[in-house]
Every structure is written in structure tokens, then in C-alpha cells.
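S.K.: One file is attached below, final.cif, containing mmCIF, C-alpha atoms.
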data_coords
#
loop_
_atom_site.label_atom_id
_atom_site.label_comp_id
_atom_site.auth_asym_id
_atom_site.auth_seq_id
_atom_site.Cartn_x
_atom_site.Cartn_y
_atom_site.Cartn_z
CA ILE A 831 6.70 -10.85 21.21
CA SER A 832 5.81 -14.51 21.54
CA GLY A 833 8.72 -15.60 23.70
CA ASP A 834 12.35 -16.69 23.37
CA LEU A 835 13.84 -13.22 23.52
CA VAL A 836 17.04 -14.93 24.66
CA SER A 837 18.64 -18.37 24.44
CA THR A 838 19.77 -19.37 27.95
CA GLY A 839 18.05 -16.86 30.25
CA SER A 840 21.28 -15.07 31.16
CA ARG A 841 21.62 -11.50 32.40
CA GLU A 842 23.94 -10.54 29.53
CA GLU A 843 21.44 -11.81 26.95
CA TYR A 844 18.68 -9.77 28.56
CA ARG A 845 20.87 -6.65 28.44
CA ASN A 846 21.25 -7.21 24.70
CA ALA A 847 17.51 -7.86 24.31
CA LYS A 848 16.65 -4.65 26.15
CA GLY A 849 19.04 -2.69 23.93
CA PHE A 850 17.47 -4.19 20.81
CA LEU A 851 13.92 -3.37 21.94
CA GLU A 852 14.89 0.18 22.84
CA LEU A 853 16.45 0.63 19.38
CA PHE A 854 13.35 -0.92 17.80
CA GLY A 855 11.15 1.51 19.73
CA ARG A 856 13.17 4.55 18.70
CA THR A 857 13.13 3.43 15.05
CA PHE A 858 9.36 2.97 14.90
CA ASP A 859 8.34 5.56 17.50
CA LEU A 860 7.02 2.99 19.98
CA SER A 861 7.13 3.01 23.76
CA SER A 862 6.99 0.05 26.14
CA ARG A 863 3.22 0.66 26.33
CA ASP A 864 3.02 -0.50 22.70
CA VAL A 865 4.81 -3.81 23.36
CA LEU A 866 3.45 -7.12 24.65
CA ILE A 867 5.86 -9.87 25.73
CA VAL A 868 5.14 -13.44 26.85
CA CYS A 869 7.71 -15.79 28.33
CA GLY A 870 9.30 -18.56 26.22
CA ASN A 871 11.06 -21.70 27.42
CA HIS A 872 14.46 -20.23 26.50
CA ASP A 873 13.72 -17.11 28.56
CA VAL A 874 13.84 -19.22 31.74
CA TYR A 875 17.11 -20.47 33.25
CA TRP A 876 17.04 -24.27 33.62
CA GLY A 877 19.76 -25.19 36.09
CA ALA A 878 21.41 -28.60 36.05
CA ALA A 879 21.53 -29.02 39.83
CA HIS A 880 18.35 -30.70 41.08
CA ASP A 881 16.59 -29.65 37.88
CA SER A 882 16.30 -26.13 39.30
CA VAL A 883 14.36 -23.40 37.49
CA SER A 884 14.79 -19.64 37.73
CA ARG A 885 12.65 -16.91 36.20
CA GLY A 886 14.54 -14.18 38.05
CA GLU A 887 16.33 -12.64 35.07
CA TYR A 888 13.15 -12.63 32.96
CA ASP A 889 11.19 -10.96 35.76
CA SER A 890 13.94 -8.38 36.27
CA PHE A 891 14.05 -7.67 32.54
CA THR A 892 10.29 -7.16 32.17
CA SER A 893 10.21 -5.06 35.34
CA SER A 894 12.93 -2.79 33.96
CA PHE A 895 11.52 -2.62 30.42
CA PHE A 896 7.94 -1.86 31.50
CA HIS A 897 9.04 0.39 34.42
CA VAL A 898 7.03 -1.45 37.07
CA PRO A 899 8.11 -3.29 40.23
CA VAL A 900 8.28 -7.06 39.87
CA ASP A 901 5.56 -7.51 42.49
CA ASP A 902 3.11 -5.43 40.42
CA GLU A 903 3.20 -8.01 37.64
CA GLU A 904 2.05 -10.90 39.81
CA GLY A 905 -1.33 -12.20 38.71
CA GLU A 906 -1.65 -9.65 35.90
CA LEU A 907 -1.90 -10.98 32.36
CA ALA A 908 0.06 -9.07 29.75
CA HIS A 909 -2.40 -7.21 27.56
CA LEU A 910 -2.83 -4.40 25.05
CA ILE A 911 -6.33 -3.00 24.64
CA ASP A 912 -7.82 -0.16 22.59
CA ALA A 913 -11.10 0.46 20.78
CA GLU A 914 -10.15 -1.71 17.81
CA MET A 915 -8.11 -4.56 19.29
CA THR A 916 -7.76 -6.64 22.46
CA ILE A 917 -4.50 -8.61 22.75
CA ILE A 918 -4.00 -10.91 25.75
CA GLY A 919 -0.76 -12.73 26.57
CA LEU A 920 -0.73 -16.16 28.22
CA ASP A 921 2.29 -17.74 29.92
CA SER A 922 2.76 -21.30 28.66
CA THR A 923 6.04 -21.93 30.56
CA ARG A 924 4.30 -23.40 33.60
CA LEU A 925 5.94 -26.82 33.83
CA GLN A 926 8.80 -26.09 36.20
CA ARG A 927 11.27 -28.83 35.35
CA GLN A 928 13.97 -29.04 32.72
CA SER A 929 12.69 -32.22 31.10
CA ALA A 930 9.44 -30.39 30.29
CA SER A 931 10.93 -27.09 29.11
CA GLY A 932 9.72 -27.61 25.55
CA ILE A 933 6.17 -28.49 26.61
CA GLY A 934 3.53 -25.82 27.16
CA LEU A 935 0.74 -25.52 29.75
CA ILE A 936 -1.68 -22.63 30.36
CA GLY A 937 -4.17 -23.87 33.00
CA ARG A 938 -7.68 -22.81 33.94
CA GLU A 939 -6.52 -19.99 36.21
CA GLN A 940 -5.08 -17.97 33.32
CA LEU A 941 -8.14 -18.56 31.15
CA ARG A 942 -10.38 -17.33 33.98
CA ALA A 943 -8.20 -14.23 34.30
CA ALA A 944 -8.40 -13.68 30.53
CA GLU A 945 -12.18 -14.02 30.68
CA LYS A 946 -12.40 -11.37 33.41
CA LEU A 947 -10.15 -9.09 31.36
CA LEU A 948 -12.38 -9.47 28.32
CA GLU A 949 -15.49 -8.76 30.36
CA ALA A 950 -14.01 -5.69 32.03
CA LYS A 951 -12.12 -4.00 29.22
CA SER A 952 -12.96 -5.42 25.82
CA ALA A 953 -15.22 -3.51 23.45
CA GLU A 954 -17.95 -5.59 21.81
CA SER A 955 -16.58 -4.87 18.33
CA SER A 956 -12.92 -5.28 19.30
CA LEU A 957 -10.82 -7.87 17.50
CA LYS A 958 -9.65 -10.39 20.12
CA ILE A 959 -6.17 -11.93 19.90
CA LEU A 960 -4.33 -14.38 22.17
CA VAL A 961 -0.52 -14.61 22.31
CA LEU A 962 1.45 -17.48 23.86
CA HIS A 963 4.80 -19.15 23.25
CA HIS A 964 4.18 -22.88 22.76
CA HIS A 965 2.07 -23.91 19.79
CA LEU A 966 -1.44 -25.39 19.99
CA LEU A 967 -1.39 -27.40 16.74
CA PRO A 968 1.44 -29.60 15.40
CA VAL A 969 3.89 -27.62 13.26
CA ALA A 970 4.80 -29.38 10.01
CA TRP A 971 8.11 -31.29 9.82
CA VAL A 972 8.89 -30.72 13.50
CA GLU A 973 6.25 -31.95 15.94
CA PRO A 974 5.75 -35.54 14.65
CA ASN A 975 9.48 -36.27 14.76
CA TYR A 976 10.52 -35.67 18.35
CA PRO A 977 12.49 -38.62 19.79
CA GLU A 978 10.57 -41.16 21.85
CA GLY A 979 7.30 -39.45 20.96
CA ARG A 980 7.97 -36.50 23.32
CA PRO A 981 5.44 -33.78 22.51
CA SER A 982 6.22 -30.08 22.37
CA LEU A 983 2.66 -28.82 22.13
CA THR A 984 0.74 -26.96 24.79
CA LEU A 985 -0.76 -29.85 26.80
CA ASP A 986 -4.12 -28.16 27.33
CA GLY A 987 -4.23 -26.89 23.74
CA PRO A 988 -7.74 -28.28 23.03
CA SER A 989 -9.14 -26.45 26.08
CA ILE A 990 -7.51 -23.20 24.96
CA LEU A 991 -8.81 -23.58 21.40
CA SER A 992 -12.30 -24.35 22.70
CA TRP A 993 -12.22 -21.38 25.09
CA ALA A 994 -10.96 -19.05 22.34
CA GLN A 995 -13.69 -20.14 19.93
CA GLU A 996 -16.44 -19.70 22.52
CA HIS A 997 -15.13 -16.21 23.41
CA ASP A 998 -15.00 -14.98 19.81
CA VAL A 999 -11.20 -14.82 19.60
CA ALA A 1000 -10.13 -14.13 16.02
CA MET A 1001 -6.41 -14.98 16.15
CA VAL A 1002 -3.95 -16.98 18.23
CA LEU A 1003 -0.28 -16.01 17.78
CA HIS A 1004 2.62 -18.21 18.96
CA GLY A 1005 6.33 -18.86 18.48
CA HIS A 1006 8.45 -21.80 19.70
CA GLN A 1007 9.13 -23.86 16.56
CA HIS A 1008 11.17 -21.24 14.67
CA GLN A 1009 9.19 -21.36 11.43
CA SER A 1010 6.18 -19.69 9.88
CA PHE A 1011 2.95 -21.61 10.41
CA LEU A 1012 -0.55 -20.51 9.32
CA ALA A 1013 -3.75 -22.46 9.90
CA THR A 1014 -7.44 -22.13 10.67
CA PHE A 1015 -9.14 -24.31 13.29
CA HIS A 1016 -12.78 -24.94 14.18
CA PHE A 1017 -14.64 -27.21 16.62
CA ALA A 1018 -17.70 -28.04 14.53
CA ALA A 1019 -19.90 -28.92 17.52
CA LYS A 1020 -19.13 -25.76 19.53
CA PRO A 1021 -20.40 -22.19 19.25
CA GLY A 1022 -18.26 -19.58 17.55
CA GLY A 1023 -16.38 -19.40 14.31
CA PRO A 1024 -13.00 -20.73 13.20
CA LEU A 1025 -9.76 -19.35 14.62
CA LEU A 1026 -6.81 -18.05 12.65
CA ILE A 1027 -3.58 -19.47 14.12
CA ALA A 1028 -0.22 -17.94 13.19
CA GLY A 1029 3.11 -19.28 14.39
CA ALA A 1030 5.94 -16.82 13.80
CA PRO A 1031 9.41 -17.62 12.48
CA SER A 1032 12.45 -16.67 14.53
CA ALA A 1033 14.10 -13.31 13.90
CA ALA A 1034 17.69 -14.42 14.52
CA ALA A 1035 17.98 -18.14 15.30
CA LYS A 1036 21.16 -20.03 14.44
CA ASP A 1037 19.75 -23.60 14.51
CA LEU A 1038 16.65 -23.83 12.33
CA PRO A 1039 14.47 -26.74 11.20
CA PRO A 1040 14.95 -27.92 7.61
CA GLN A 1041 12.19 -25.67 6.25
CA GLY A 1042 13.07 -22.73 8.48
CA ARG A 1043 14.34 -19.27 7.66
CA ASN A 1044 14.69 -16.29 9.93
CA GLY A 1045 11.99 -13.74 9.41
CA TYR A 1046 8.83 -12.22 10.82
CA HIS A 1047 5.11 -11.80 10.16
CA LEU A 1048 3.55 -8.50 9.18
CA ILE A 1049 -0.12 -8.67 10.18
CA GLN A 1050 -2.45 -5.98 8.83
CA VAL A 1051 -6.00 -5.59 10.11
CA ASP A 1052 -8.54 -3.51 8.21
CA GLY A 1053 -12.03 -3.96 9.59
CA ARG A 1054 -13.02 -7.57 8.87
CA ASN A 1055 -9.96 -8.17 6.69
CA ILE A 1056 -6.77 -9.73 8.11
CA THR A 1057 -3.69 -10.09 5.90
CA ILE A 1058 -0.53 -11.90 7.00
CA SER A 1059 2.68 -11.33 5.06
CA VAL A 1060 5.55 -13.74 5.69
CA ARG A 1061 8.85 -11.91 5.28
CA GLU A 1062 12.00 -14.06 5.30
CA LEU A 1063 15.72 -13.38 5.29
CA THR A 1064 17.14 -14.36 1.89
CA GLU A 1065 20.64 -15.44 0.94
CA GLU A 1066 21.27 -11.80 0.01
CA HIS A 1067 20.65 -10.86 3.68
CA ARG A 1068 17.51 -8.92 2.86
CA PHE A 1069 13.97 -9.47 4.09
CA SER A 1070 11.61 -10.36 1.28
CA GLU A 1071 7.93 -11.30 1.23
CA THR A 1072 7.63 -15.00 0.41
CA LYS A 1073 3.95 -15.51 1.16
CA ARG A 1074 0.82 -13.44 1.72
CA VAL A 1075 -2.50 -14.86 2.92
CA SER A 1076 -5.69 -12.82 3.30
CA PHE A 1077 -8.58 -13.73 5.60
CA VAL A 1078 -12.05 -12.27 6.00
CA ARG A 1079 -13.61 -12.24 9.45
CA GLU A 1080 -17.28 -13.02 8.86
CA ALA A 1081 -20.05 -13.56 11.41
CA GLY A 1082 -19.50 -17.30 11.03
CA GLY A 1083 -15.75 -17.16 11.48
CA THR A 1084 -12.41 -16.54 9.79
CA PHE A 1085 -11.95 -17.78 6.25
CA ALA A 1086 -9.00 -17.64 3.87
CA ALA A 1087 -9.90 -15.39 0.96
CA ALA A 1088 -6.75 -15.49 -1.15
CA ALA A 1089 -3.24 -16.85 -0.93
CA ILE A 1090 -0.05 -16.13 -2.85
CA PRO A 1091 2.10 -19.28 -2.70
CA SER A 1092 5.65 -19.16 -1.44
CA ILE A 1093 8.23 -18.11 -4.01
CA ARG A 1094 10.65 -20.77 -2.78
CA SER A 1095 10.10 -24.46 -3.34
CA GLN A 1096 8.80 -26.54 -0.45
CA ARG A 1097 9.98 -30.09 0.12
CA GLU A 1098 9.71 -32.66 2.86
CA PRO A 1099 13.05 -32.90 4.73
CA GLY A 1100 14.93 -36.18 4.70
CA VAL A 1101 15.34 -38.57 7.61
CA GLY A 1102 18.92 -37.40 8.21
CA GLU A 1103 17.80 -33.79 8.54
CA ILE A 1104 15.03 -34.75 10.95
CA ARG A 1105 17.42 -36.76 13.13
CA ALA A 1106 19.90 -33.88 13.22
CA LEU A 1107 17.11 -31.51 14.20
CA THR A 1108 15.89 -33.72 17.05
CA ARG A 1109 19.44 -34.23 18.32
CA ASN A 1110 19.90 -30.45 18.47
CA ALA A 1111 16.55 -30.09 20.25
CA ALA A 1112 17.52 -32.72 22.82
CA GLN A 1113 20.83 -30.97 23.49
CA VAL A 1114 19.08 -27.61 24.06
#
Taking this structure as input, can you express it in the form of C-alpha cells?
M.R.:
Amino acid sequence: ISGDLVSTGSREEYRNAKGFLELFGRTFDLSSRDVLIVCGNHDVYWGAAHDSVSRGEYDSFTSSFFHVPVDDEEGELAHLIDAEMTIIGLDSTRLQRQSASGIGLIGREQLRAAEKLLEAKSAESSLKILVLHHHLLPVAWVEPNYPEGRPSLTLDGPSILSWAQEHDVAMVLHGHQHQSFLATFHFAAKPGGPLLIAGAPSAAAKDLPPQGRNGYHLIQVDGRNITISVRELTEEHRFSETKRVSFVREAGGTFAAAAIPSIRSQREPGVGEIRALTRNAAQV
């Protein structure tokens, strides 16, 4: 779960989130050991007085959900590892002031911890995946239009992309901008192959960008083959696949093999829509 479980970081919202995840687990026969969660900017409480910041409710929620004391989570990166897959979560909500809540930062310390985790626990043939909340590349229709040029990217995104490429990471998964986003990225002058980057849509957001729909990604991995299905909520209140893209993980990197275009028309939103979107973002 790539962040923004809740909207304002309140205790009541986290009670609802915990109930949803428990229902989800019962439905699909999953335990908390099968779940990875990273913090999003809406999961933190940003107080008005003196620009105060509190992660207390998020820490209490994760402690309760994963059945571990809060202190046990300090310094430990969220991760899921088995013989076929290594998934590492990074916390991009490091800028502790309200004016920077929409901006991501990872830092060298987390990358060093991720490197140690890969060295200690990752199988040589394991597919490596990073998960964070804030996006590393601009998301279409949203990022270029923030008022006064305020970015919403992860500030050290190039360092993360470079690190991921050098450490043979296959995929980077993120959230934050409430719409599906698929891309490949490659530093031509650095070792390692291209990365597959997938930004997930929101499952139940009320305020969406002009191109946005609530939905989720279904990612299927079969050996070297990675297929991402974009499933969106239609006007009939049913989830339907609107796009499917297949990638092949070769020795030289990740390449798109086939794509089924979206069944709904794509258009560039108008200036009025963009202004309304940025006003809503500023208010949040």
C-alpha cells in the first residue's frame, strides 16, 4: 500500500482503515505478514499551530496492525521477501513541515539500509521492487501545473532512480497523484537496465485530477514477464480493465512488449480544470 490510507491522519480514520484491511485480509486469505505499507503525506497529521507535525496515529496504527511495539519499527524498513520477490518500502514523508507535505524526500540513510537489506536477504534471482509514496517522475496533467512552480516530486528522485538501476531493481511502485501512471526509465550512462515505474490510482478518492478515476493496479509476475492491468471504477460502479501493458525483463532491462490502449478517450484537461485542481491541492 503506497500511502494515503487516510485523509487527515485522524484516529477515527485509522480505525476505519484497519477495519477495511482486516476485511480485505479475510476475503483474500491474507495476514498482516502479506501486507506492506508505506506512509503517505495524508497519513501524517499536519497541525496548524507552529506548523506542527505528528506521526503518532500512523505509528499506533501500524503497530497495532502488524502486532509489534512501536519501538520495534524504528530504523527497520518495511519489506516483504521470499524466494521469488524482494519488496522494500521507503518513507518519502521526511520533510517535517506543512508547507512541504506534498514533497517527497528519501535520503541516503534509507538507501543504505535498503542496500544492506538486499545484501543480507535478497536471493540473486529475486525480482526487486521498491515502494514509496511520492512519485519520482512527473505525472501527466498534474505535476507541471502546480501554482508558483511548487514541485510535488521526490526531491532526491534522480538519486533513487540511479541507485535502483545500479542495484538491479525491476519496478518502482508509488501513489500520491491519484491516477494511473506507467513509464520506463533508464540512465544511459549508468550500469543496469531500465526501470518499470508504476503509479497507482486511488481506491476511493473524492477529489480527482481531470483524467483520474478510482481504481487499482493488478500486477502479475511470471518469470521474466510482468503484466500490469489497470482496473478502474466505471459509471456503473463496477471495476473494469481499461488498460493492460506487458513487459519482459531481459538481461538488458525491462521493455514493453505489448499494450492494449485504454478503452476510454484521453484528452488534455482545460485551463479551468487545471486551476480548480491546483486550488483543491493548495487547500489540502
S.K.: Would you mind telling me which residue in A:Pro899, A:Pro1039, A:Gly919, A:Gly849 lies nearest to A:Val868 when using all atoms listed in the file?
M.R.: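 The closest residue to A:Val868 is A:Gly919.
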S.K.: Point out the residue among A:Ser1076, A:Thr1084, A:His1047, A:His997 with the least atom-to-atom distance to A:Leu1025, counting all atoms listed in the file.
M.R.: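 Selected residue with least distance to A:Leu1025: A:Thr1084.
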S.K.: Just checking: using only C-alpha atoms, which residue out of A:Leu966, A:Val874, A:Leu983, A:Ala943 ends up closest to A:Arg841?
M.R.: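 Once distances to A:Arg841 are computed over only C-alpha atoms, the minimum belongs to A:Val874.
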S.K.: Point out the residue among A:His1067, A:Phe1017, A:Ala1000, A:Tyr1046 with the least atom-to-atom distance to A:Arg1079, counting all atoms listed in the file.
M.R.: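 Among the listed residues, the smallest separation from A:Arg1079 belongs to A:Ala1000.
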S.K.: Work out how far apart atom CA of A:Ser992 and atom CA of A:Lys1020 are and give it in Å to one decimal.
M.R.: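 Atom CA of A:Lys1020 lies 7.7 Å from atom CA of A:Ser992.
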S.K.: Kindly resolve the PyMOL selection byres ((chain A and resi 1014) around 9) on the present coordinates and return the residues as an MDAnalysis selection string.
M.R.: chainID A and resid 1012:1013 1015:1016 1024:1028 1084:1086
S.K.: Which of these, A:Leu853, A:Ile1058, A:Ala1089, A:Ile911, has the shortest distance to A:Ala950 once you count all atoms listed in the file?
M.R.: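 Among A:Leu853, A:Ile1058, A:Ala1089, A:Ile911, it is A:Ile911 that comes nearest to A:Ala950.
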S.K.: With distances taken over only C-alpha atoms, which residue among A:Pro1031, A:Gly1045, A:Gly839, A:Gly937 lies nearest A:Arg924?
M.R.: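 Among the listed residues, A:Gly937 lies closest to A:Arg924.
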S.K.: Please measure the separation of atom CA of A:Thr1072 and atom CA of A:Val1060, giving the value in Å to one decimal.
M.R.: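 Atom-to-atom, atom CA of A:Thr1072 to atom CA of A:Val1060, that is 5.8 Å.
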S.K.: Going by the chain IDs and residue numbers used in this file, which residues fall under the PyMOL selection byres ((chain A and resi 1003) around 7)? Write them as a ChimeraX atom specification.
M.R.: /A:960-962,1001-1002,1004,1027-1029
S.K.: Written as number ranges by chain, what is the full residue list that the PyMOL selection byres ((chain A and resi 844) around 10) yields on the file shown?
M.R.: A: 835-843, 845-850, 873, 887-888, 890-892
S.K.: Applying 6 Å and all atoms listed in the file, which residues near A:Glu996 remain after dropping the ones on its own chain fewer than 3 positions away? List them as a list in words.
M.R.: Trp993, Pro1021 and Gly1022 of chain A
S.K.: Residues around (8.6, -21.7, 30.8), cut-off 7 Å, counting all atoms listed in the file - what are they as a count of residues only?
M.R.: 10
S.K.: Excluding A:Phe1069 and residues on its chain fewer than 4 positions from it, collect all residues at most 12 Å away from it, counting all atoms listed in the file, and give them as a PyMOL selection string.
M.R.: chain A and resi 1033+1043-1048+1059-1065
S.K.: Go ahead and save the residues from that selection, with C-alpha atoms, as a PDB file, in the frame of the given file.
M.R.:
ATOM      1  CA  ALA A1033      14.100 -13.310  13.900  1.00  0.00           C
ATOM      2  CA  ARG A1043      14.340 -19.270   7.660  1.00  0.00           C
ATOM      3  CA  ASN A1044      14.690 -16.290   9.930  1.00  0.00           C
ATOM      4  CA  GLY A1045      11.990 -13.740   9.410  1.00  0.00           C
ATOM      5  CA  TYR A1046       8.830 -12.220  10.820  1.00  0.00           C
ATOM      6  CA  HIS A1047       5.110 -11.800  10.160  1.00  0.00           C
ATOM      7  CA  LEU A1048       3.550  -8.500   9.180  1.00  0.00           C
ATOM      8  CA  SER A1059       2.680 -11.330   5.060  1.00  0.00           C
ATOM      9  CA  VAL A1060       5.550 -13.740   5.690  1.00  0.00           C
ATOM     10  CA  ARG A1061       8.850 -11.910   5.280  1.00  0.00           C
ATOM     11  CA  GLU A1062      12.000 -14.060   5.300  1.00  0.00           C
ATOM     12  CA  LEU A1063      15.720 -13.380   5.290  1.00  0.00           C
ATOM     13  CA  THR A1064      17.140 -14.360   1.890  1.00  0.00           C
ATOM     14  CA  GLU A1065      20.640 -15.440   0.940  1.00  0.00           C
TER      15      GLU A1065
END
S.K.: Compile the contact shell of A:Gly855 as a list in words: residues with an atom at most 12 Å away, counting only C-alpha atoms, same-chain residues fewer than 6 positions apart removed.
M.R.: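 The filter keeps Lys848, Gly849, Ser861, Ser862, Arg863, Asp864, Val865 and Phe895 of chain A.
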S.K.: Padding of 8 Å on every side, edges along x, y and z, all listed atoms of stretch 956-966 of chain A included: what centre and edge lengths in Å, to one decimal, does that box have, as JSON?
M.R.:
{"center_x": -4.1, "center_y": -15.3, "center_z": 20.7, "size_x": 33.7, "size_y": 36.1, "size_z": 22.4}
S.K.: Which distance in Å separates atom CA of A:Ala1088 and atom CA of A:Arg1054, to one decimal?
M.R.: 14.2 Å
S.K.: Restricted to C-alpha atoms, what does stretch 871-956 of chain A look like when written out as a JSON list (two decimals), in the first residue's frame?
M.R.:
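Contents of selection35.json, as written:
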[["chain", "number", "residue", "atom", "x", "y", "z"],
["A", 871, "ASN", "CA", 1.59, 12.73, 3.28],
["A", 872, "HIS", "CA", -2.11, 12.40, 4.22],
["A", 873, "ASP", "CA", -1.27, 9.73, 6.80],
["A", 874, "VAL", "CA", 0.56, 12.35, 8.89],
["A", 875, "TYR", "CA", -1.29, 14.98, 10.95],
["A", 876, "TRP", "CA", -0.17, 18.48, 9.96],
["A", 877, "GLY", "CA", -1.19, 20.81, 12.78],
["A", 878, "ALA", "CA", -1.82, 24.49, 12.18],
["A", 879, "ALA", "CA", -0.12, 25.71, 15.37],
["A", 880, "HIS", "CA", 3.57, 26.36, 14.73],
["A", 881, "ASP", "CA", 3.40, 24.11, 11.67],
["A", 882, "SER", "CA", 3.47, 21.09, 13.99],
["A", 883, "VAL", "CA", 3.68, 17.55, 12.65],
["A", 884, "SER", "CA", 2.54, 14.32, 14.29],
["A", 885, "ARG", "CA", 3.05, 10.75, 13.12],
["A", 886, "GLY", "CA", 1.62, 9.32, 16.33],
["A", 887, "GLU", "CA", -1.62, 7.93, 14.91],
["A", 888, "TYR", "CA", 0.16, 6.36, 11.93],
["A", 889, "ASP", "CA", 2.72, 4.72, 14.22],
["A", 890, "SER", "CA", -0.02, 3.46, 16.54],
["A", 891, "PHE", "CA", -1.97, 2.08, 13.58],
["A", 892, "THR", "CA", 0.99, 0.19, 12.07],
["A", 893, "SER", "CA", 2.00, -1.09, 15.50],
["A", 894, "SER", "CA", -1.50, -2.48, 16.06],
["A", 895, "PHE", "CA", -1.92, -3.87, 12.54],
["A", 896, "PHE", "CA", 1.47, -5.61, 12.44],
["A", 897, "HIS", "CA", 1.31, -6.67, 16.13],
["A", 898, "VAL", "CA", 4.67, -5.16, 17.08],
["A", 899, "PRO", "CA", 5.60, -2.44, 19.59],
["A", 900, "VAL", "CA", 6.16, 0.98, 18.06],
["A", 901, "ASP", "CA", 9.80, 0.97, 19.19],
["A", 902, "ASP", "CA", 10.49, -2.23, 17.22],
["A", 903, "GLU", "CA", 9.76, -0.42, 13.96],
["A", 904, "GLU", "CA", 12.41, 2.26, 14.45],
["A", 905, "GLY", "CA", 15.12, 2.01, 11.82],
["A", 906, "GLU", "CA", 13.54, -1.02, 10.14],
["A", 907, "LEU", "CA", 12.47, -0.63, 6.52],
["A", 908, "ALA", "CA", 9.16, -2.21, 5.62],
["A", 909, "HIS", "CA", 9.85, -5.24, 3.45],
["A", 910, "LEU", "CA", 8.43, -8.47, 2.07],
["A", 911, "ILE", "CA", 10.93, -11.08, 0.92],
["A", 912, "ASP", "CA", 10.63, -14.62, -0.43],
["A", 913, "ALA", "CA", 12.49, -16.74, -2.97],
["A", 914, "GLU", "CA", 10.84, -15.04, -5.94],
["A", 915, "MET", "CA", 10.42, -11.41, -4.89],
["A", 916, "THR", "CA", 12.03, -8.73, -2.72],
["A", 917, "ILE", "CA", 9.82, -5.71, -1.96],
["A", 918, "ILE", "CA", 11.28, -2.82, 0.05],
["A", 919, "GLY", "CA", 9.29, 0.16, 1.32],
["A", 920, "LEU", "CA", 10.80, 3.64, 1.60],
["A", 921, "ASP", "CA", 9.34, 6.51, 3.62],
["A", 922, "SER", "CA", 9.20, 9.67, 1.49],
["A", 923, "THR", "CA", 7.37, 11.80, 4.11],
["A", 924, "ARG", "CA", 10.59, 13.15, 5.63],
["A", 925, "LEU", "CA", 10.08, 16.90, 5.25],
["A", 926, "GLN", "CA", 8.51, 17.74, 8.60],
["A", 927, "ARG", "CA", 6.65, 20.94, 7.83],
["A", 928, "GLN", "CA", 3.19, 21.55, 6.45],
["A", 929, "SER", "CA", 4.31, 23.65, 3.50],
["A", 930, "ALA", "CA", 6.31, 20.66, 2.24],
["A", 931, "SER", "CA", 3.72, 17.94, 2.87],
["A", 932, "GLY", "CA", 3.28, 17.25, -0.83],
["A", 933, "ILE", "CA", 7.02, 17.00, -1.50],
["A", 934, "GLY", "CA", 8.92, 13.74, -1.06],
["A", 935, "LEU", "CA", 12.42, 13.01, 0.28],
["A", 936, "ILE", "CA", 14.10, 9.64, 0.91],
["A", 937, "GLY", "CA", 17.72, 10.43, 1.88],
["A", 938, "ARG", "CA", 20.92, 8.41, 1.78],
["A", 939, "GLU", "CA", 20.29, 6.73, 5.13],
["A", 940, "GLN", "CA", 17.27, 4.81, 3.82],
["A", 941, "LEU", "CA", 19.07, 3.80, 0.64],
["A", 942, "ARG", "CA", 21.98, 2.47, 2.70],
["A", 943, "ALA", "CA", 19.53, 0.49, 4.82],
["A", 944, "ALA", "CA", 17.87, -0.87, 1.67],
["A", 945, "GLU", "CA", 21.28, -1.88, 0.31],
["A", 946, "LYS", "CA", 22.08, -3.80, 3.50],
["A", 947, "LEU", "CA", 18.68, -5.50, 3.31],
["A", 948, "LEU", "CA", 19.32, -6.58, -0.27],
["A", 949, "GLU", "CA", 22.75, -7.91, 0.61],
["A", 950, "ALA", "CA", 21.51, -9.83, 3.65],
["A", 951, "LYS", "CA", 18.22, -11.28, 2.47],
["A", 952, "SER", "CA", 17.74, -11.00, -1.27],
["A", 953, "ALA", "CA", 18.18, -14.03, -3.50],
["A", 954, "GLU", "CA", 20.27, -13.45, -6.62],
["A", 955, "SER", "CA", 17.36, -14.34, -8.90],
["A", 956, "SER", "CA", 14.74, -12.46, -6.87]]
